[in-house]
Amino acid sequence: MPVITEIEDLRRLYKRRVPKMFYDYAEAGSWSETTFRENTTDFDLIRFRQRVAVDMAGRSTRTTMIGEEVEMPVGLGPVGLTGMQSADGEIKAARAAERFGVPFVLSTMSICSIEDVAAHTTRPFWFQVYTLKDDDFMQRLFDRARKAGCTAIVITVDLQVQGQRHKDIKNGMSAPPKLTPSSIANMMTKVPWGLEMLQTKRRFFGNIVGHASGVSDPSSLSSWTAEAFDPSLDWERIKQFKEMWGGKVIVKGIMDPEDARRAADAGVDAIVVSNHGGRQLDHAISSIRALPEVVKAVGDRLEVHFDGGIRSGQDVLKALALGAHATWSGRAWTYGLGAMGEAGVTKALEILRHELDVSMALCGRRHIEEVDPSILMVDDAFYSYKPAR
């Protein structure tokens with residue numbers, strides 16, 4: 001077993017272990033992938049102020065996210081198809097999150113269903129939904145999530161139309177995936193992955209097949225997916241979903257201060273500053289550059305969470321110092337899952353917490369609530385993008 005000290009170590013193992021089409025699905029952005037890359041590289045424009053001779057005993061990364069106690073302000077963000085990165089992947093990730101004490105967000109496009117995850121966990125998880133046209137299906141999704149004990153719904157609002165991801169098209173990555181001679185040949189080289197997949201019955205979209213109207217088997221899923229998403233989404237529609245759910249609501253995909261204010265006006269509990277991992281609008285600014293203006297726009301009207309480019313605990317600390325109440329990571333835990341299954345997700349969380357704790361201490365802070373912008377030194381280039389006049 002190689003020595004694993006950083007998230008990048010997990011990514012390299014992940015790339016070797018899983019089929020190319022599933023690796024590329026996670027590790028890709030839209031069009032030229034400029035935003036995908038800048039989600040991580042823009043963190044390099046931020047530096048820390050190191051402090052010394054400060055009492056560092058009794059440190060804590062514990063806090064809350066939408067009122068729920070967490071061991072650190074890092075949630076496992078929703079990622080589709082993770083049951084194809086590792087057999088029963090969503091169950092493995094949810095169990096790791098439960099033991100660690102952080103939120104797990106299950107994607108609608110998961111391989112394991114809501115009921116599958118609930119049956120294998122005891123801690124409530126959150127459930128992510130897209131803005132779909134079918135009210136009956138949406139209400140049944142909400143009802144199923146409520147019955148499973150989910151404590152929050154995460155509404156993804158930046159996927160009314162889908163950005164083009166060149167790698168996915170070339171790999172035949174769709175819902176369900178289209179197998180090609182090339183992809184089959186590649187899968188045959190991933191023996192441990194293949195043996196695991198042969199031992200599970202969960203290989204299709206468990207929240208949709210058998211639940212959505214007209215989708216009784218995987219072969220009918222493609223046509224449903226093409227028609228399901230609602231391009232006419234507006235804030236009134238989000239309010240409708242909020243009423244249909246009746247519980248805590250998080251809106252994911254906010255990048256503009258005005259949209260943040262509209263979300264606050266809609267009465268949601270939290271927003272997630274996110275550009276969908278650089279998978280939607282290419283050449284949009286990175287999530288970390290968008291964060292300060294969004295925080296300024298809404299103040300304490302709701303919680304502002306952050307998602308995009310987090311590959312270390314230092315990235316987490318920078319986002320918190322710029323005003324985020326909490327952070328989410330999708331790719332980091334996906335790397336761990338693909339590399340080592342459930343143990344890999346736990347390893348990813350351990351890495352993030354260790355880096356967060358040590359970096360916080362060296363900046364002269366003992367508790368996560370003490371983190372503020374004064375621990376940072378920010379390059380002028382970080383704020384260089386301004387609206388066109």
# chains A, B, ... in the order shown; residues from 1 in each chain; ligands from 1

call {"tool": "select_by_dssp", "arguments": {"residues": "region 252-336 of chain A", "states": "helix (DSSP H, G or I)", "output": "PDB file with C-alpha atoms, in the first residue's frame"}}
result
ATOM      1  CA  PRO A 257     -24.640  38.479  -5.832  1.00  0.00           C
ATOM      2  CA  GLU A 258     -28.057  39.246  -7.306  1.00  0.00           C
ATOM      3  CA  ASP A 259     -28.925  35.549  -7.479  1.00  0.00           C
ATOM      4  CA  ALA A 260     -27.773  35.215  -3.868  1.00  0.00           C
ATOM      5  CA  ARG A 261     -30.177  37.986  -2.830  1.00  0.00           C
ATOM      6  CA  ARG A 262     -32.997  36.319  -4.759  1.00  0.00           C
ATOM      7  CA  ALA A 263     -32.304  33.049  -2.945  1.00  0.00           C
ATOM      8  CA  ALA A 264     -32.449  34.849   0.400  1.00  0.00           C
ATOM      9  CA  ASP A 265     -35.742  36.463  -0.632  1.00  0.00           C
ATOM     10  CA  HIS A 276     -20.854  22.911 -10.944  1.00  0.00           C
ATOM     11  CA  GLY A 277     -17.180  22.059 -10.778  1.00  0.00           C
ATOM     12  CA  GLY A 278     -16.496  23.913 -14.016  1.00  0.00           C
ATOM     13  CA  SER A 287     -16.081  29.660  -7.313  1.00  0.00           C
ATOM     14  CA  ILE A 288     -13.463  31.079  -4.931  1.00  0.00           C
ATOM     15  CA  ARG A 289     -13.375  34.401  -6.820  1.00  0.00           C
ATOM     16  CA  ALA A 290     -17.180  34.599  -6.708  1.00  0.00           C
ATOM     17  CA  LEU A 291     -17.391  33.897  -2.968  1.00  0.00           C
ATOM     18  CA  PRO A 292     -16.537  37.295  -1.389  1.00  0.00           C
ATOM     19  CA  GLU A 293     -19.134  39.272  -3.369  1.00  0.00           C
ATOM     20  CA  VAL A 294     -21.842  36.704  -2.677  1.00  0.00           C
ATOM     21  CA  VAL A 295     -21.073  36.803   1.053  1.00  0.00           C
ATOM     22  CA  LYS A 296     -21.212  40.609   0.984  1.00  0.00           C
ATOM     23  CA  ALA A 297     -24.572  40.550  -0.817  1.00  0.00           C
ATOM     24  CA  VAL A 298     -26.465  38.425   1.706  1.00  0.00           C
ATOM     25  CA  GLY A 313      -7.688  21.497   4.081  1.00  0.00           C
ATOM     26  CA  GLN A 314      -5.873  24.730   3.235  1.00  0.00           C
ATOM     27  CA  ASP A 315      -8.433  25.338   0.477  1.00  0.00           C
ATOM     28  CA  VAL A 316     -11.155  24.829   3.076  1.00  0.00           C
ATOM     29  CA  LEU A 317      -9.503  27.343   5.408  1.00  0.00           C
ATOM     30  CA  LYS A 318      -9.169  29.947   2.641  1.00  0.00           C
ATOM     31  CA  ALA A 319     -12.862  29.642   1.745  1.00  0.00           C
ATOM     32  CA  LEU A 320     -13.872  29.987   5.398  1.00  0.00           C
ATOM     33  CA  ALA A 321     -11.643  33.041   5.824  1.00  0.00           C
ATOM     34  CA  ARG A 331     -14.009  15.348  -6.342  1.00  0.00           C
ATOM     35  CA  ALA A 332     -11.821  14.824  -3.272  1.00  0.00           C
ATOM     36  CA  TRP A 333     -14.077  12.150  -1.811  1.00  0.00           C
ATOM     37  CA  THR A 334     -14.726  10.667  -5.264  1.00  0.00           C
ATOM     38  CA  TYR A 335     -10.971  10.170  -5.678  1.00  0.00           C
ATOM     39  CA  GLY A 336     -10.887   8.382  -2.336  1.00  0.00           C
TER      40      GLY A 336
END

call {"tool": "residues_around", "arguments": {"residues": "Ile368 (chain A)", "least_positions_apart": "3", "cutoff": "10 Å", "atoms": "only C-alpha atoms", "output": "ChimeraX atom specification"}}
result
/A:59-63,72-73,317,320-321,325,356-357,360-361,365,371-372

call {"tool": "closest_atom_pairs", "arguments": {"of": "region 31-102 of chain A", "to": "region 203-220 of chain A", "cutoff": "8 Å", "atoms": "only C-alpha atoms", "output": "JSON lines"}}
result
{"residue": "A:Leu81", "atom": "CA", "partner": "A:Phe205", "partner_atom": "CA", "distance": 7.8}
{"residue": "A:Gly83", "atom": "CA", "partner": "A:Arg203", "partner_atom": "CA", "distance": 7.0}
{"residue": "A:Met84", "atom": "CA", "partner": "A:Arg203", "partner_atom": "CA", "distance": 7.0}

call {"tool": "closest_residue", "arguments": {"among": "A:Asn171, A:Val161, A:Met188, A:Glu243", "to": "Ala228 (chain A)", "atoms": "only C-alpha atoms"}}
result
A:Val161

call {"tool": "closest_residue", "arguments": {"among": "A:Gly299, A:Gly29, A:Pro19, A:Pro231", "to": "Gln164 (chain A)", "atoms": "only C-alpha atoms"}}
result
A:Gly29

call {"tool": "closest_atom_pairs", "arguments": {"of": "region 42-159 of chain A", "to": "region 191-201 of chain A", "cutoff": "9 Å", "atoms": "only C-alpha atoms", "output": "CSV"}}
result
residue,atom,partner,partner_atom,distance
A:Met84,CA,A:Met197,CA,7.9
A:Gln85,CA,A:Trp193,CA,8.2
A:Ser86,CA,A:Trp193,CA,6.8
A:Ala87,CA,A:Met197,CA,5.2
A:Asp88,CA,A:Thr200,CA,7.1

call {"tool": "write_last_selection", "arguments": {"atoms": "N, CA, C and O atoms", "output": "PDB file, in the first residue's frame"}}
result
ATOM      1  N   MET A  84     -20.689   3.766  -9.766  1.00  0.00           N
ATOM      2  CA  MET A  84     -19.880   3.172 -10.829  1.00  0.00           C
ATOM      3  C   MET A  84     -18.389   3.432 -10.608  1.00  0.00           C
ATOM      4  O   MET A  84     -17.551   2.826 -11.267  1.00  0.00           O
ATOM      5  N   GLN A  85     -18.050   4.318  -9.706  1.00  0.00           N
ATOM      6  CA  GLN A  85     -16.641   4.513  -9.345  1.00  0.00           C
ATOM      7  C   GLN A  85     -16.167   3.376  -8.449  1.00  0.00           C
ATOM      8  O   GLN A  85     -15.011   2.966  -8.495  1.00  0.00           O
ATOM      9  N   SER A  86     -17.081   2.895  -7.623  1.00  0.00           N
ATOM     10  CA  SER A  86     -16.829   1.758  -6.752  1.00  0.00           C
ATOM     11  C   SER A  86     -18.179   1.125  -6.476  1.00  0.00           C
ATOM     12  O   SER A  86     -19.176   1.835  -6.301  1.00  0.00           O
ATOM     13  N   ALA A  87     -18.269  -0.176  -6.476  1.00  0.00           N
ATOM     14  CA  ALA A  87     -19.550  -0.859  -6.290  1.00  0.00           C
ATOM     15  C   ALA A  87     -20.238  -0.374  -5.013  1.00  0.00           C
ATOM     16  O   ALA A  87     -19.606  -0.286  -3.955  1.00  0.00           O
ATOM     17  N   ASP A  88     -21.535  -0.026  -5.127  1.00  0.00           N
ATOM     18  CA  ASP A  88     -22.311   0.493  -3.997  1.00  0.00           C
ATOM     19  C   ASP A  88     -21.656   1.744  -3.418  1.00  0.00           C
ATOM     20  O   ASP A  88     -21.662   1.981  -2.201  1.00  0.00           O
TER      21      ASP A  88
END

call {"tool": "closest_residue", "arguments": {"among": "A:Lys239, A:Arg11, A:Lys386, A:Lys170", "to": "Val345 (chain A)", "atoms": "only C-alpha atoms"}}
result
A:Arg11

call {"tool": "closest_residue", "arguments": {"among": "A:Arg353, A:Arg279, A:Arg146, A:Arg366", "to": "Arg37 (chain A)", "atoms": "only C-alpha atoms"}}
result
A:Arg279

call {"tool": "residues_around", "arguments": {"residues": "Tyr25 (chain A)", "least_positions_apart": "5", "cutoff": "9 Å", "atoms": "only C-alpha atoms", "output": "ChimeraX atom specification"}}
result
/A:20,81,165,167-168,171,173

call {"tool": "closest_residue", "arguments": {"among": "A:Gln162, A:Asn275, A:Gln139, A:Ser174", "to": "Lys242 (chain A)", "atoms": "only C-alpha atoms"}}
result
A:Gln139

call {"tool": "select_by_dssp", "arguments": {"residues": "region 215-331 of chain A", "states": "strand (DSSP E or B)", "output": "PyMOL selection string"}}
result
chain A and resi 229+248-254+270-273+303-307+326-329

call {"tool": "residues_around", "arguments": {"residues": "Asn39 (chain A)", "least_positions_apart": "5", "cutoff": "6 Å", "atoms": "only C-alpha atoms", "output": "compact mmCIF listing (two decimals) with all heavy atoms, in the first residue's frame"}}
result
# COMPACT_ATOMS: atom_id res chain seq x y z
N SER A 286 -13.96 31.45 -11.27
CA SER A 286 -13.90 30.34 -10.33
C SER A 286 -14.83 30.59 -9.16
O SER A 286 -15.19 31.74 -8.85
CB SER A 286 -12.47 30.17 -9.83
OG SER A 286 -12.07 31.31 -9.07
N GLY A 308 -16.13 24.01 -4.90
CA GLY A 308 -15.43 24.22 -6.16
C GLY A 308 -13.93 24.29 -6.00
O GLY A 308 -13.39 25.28 -5.51
N GLY A 309 -13.23 23.24 -6.38
CA GLY A 309 -11.77 23.25 -6.40
C GLY A 309 -11.10 22.85 -5.12
O GLY A 309 -9.86 22.92 -5.02

call {"tool": "residues_around", "arguments": {"residues": "Asp143 (chain A)", "least_positions_apart": "4", "cutoff": "12 Å", "atoms": "only C-alpha atoms", "output": "PyMOL selection string"}}
result
chain A and resi 114-115+127+136-139+147-150+153+241+244-247
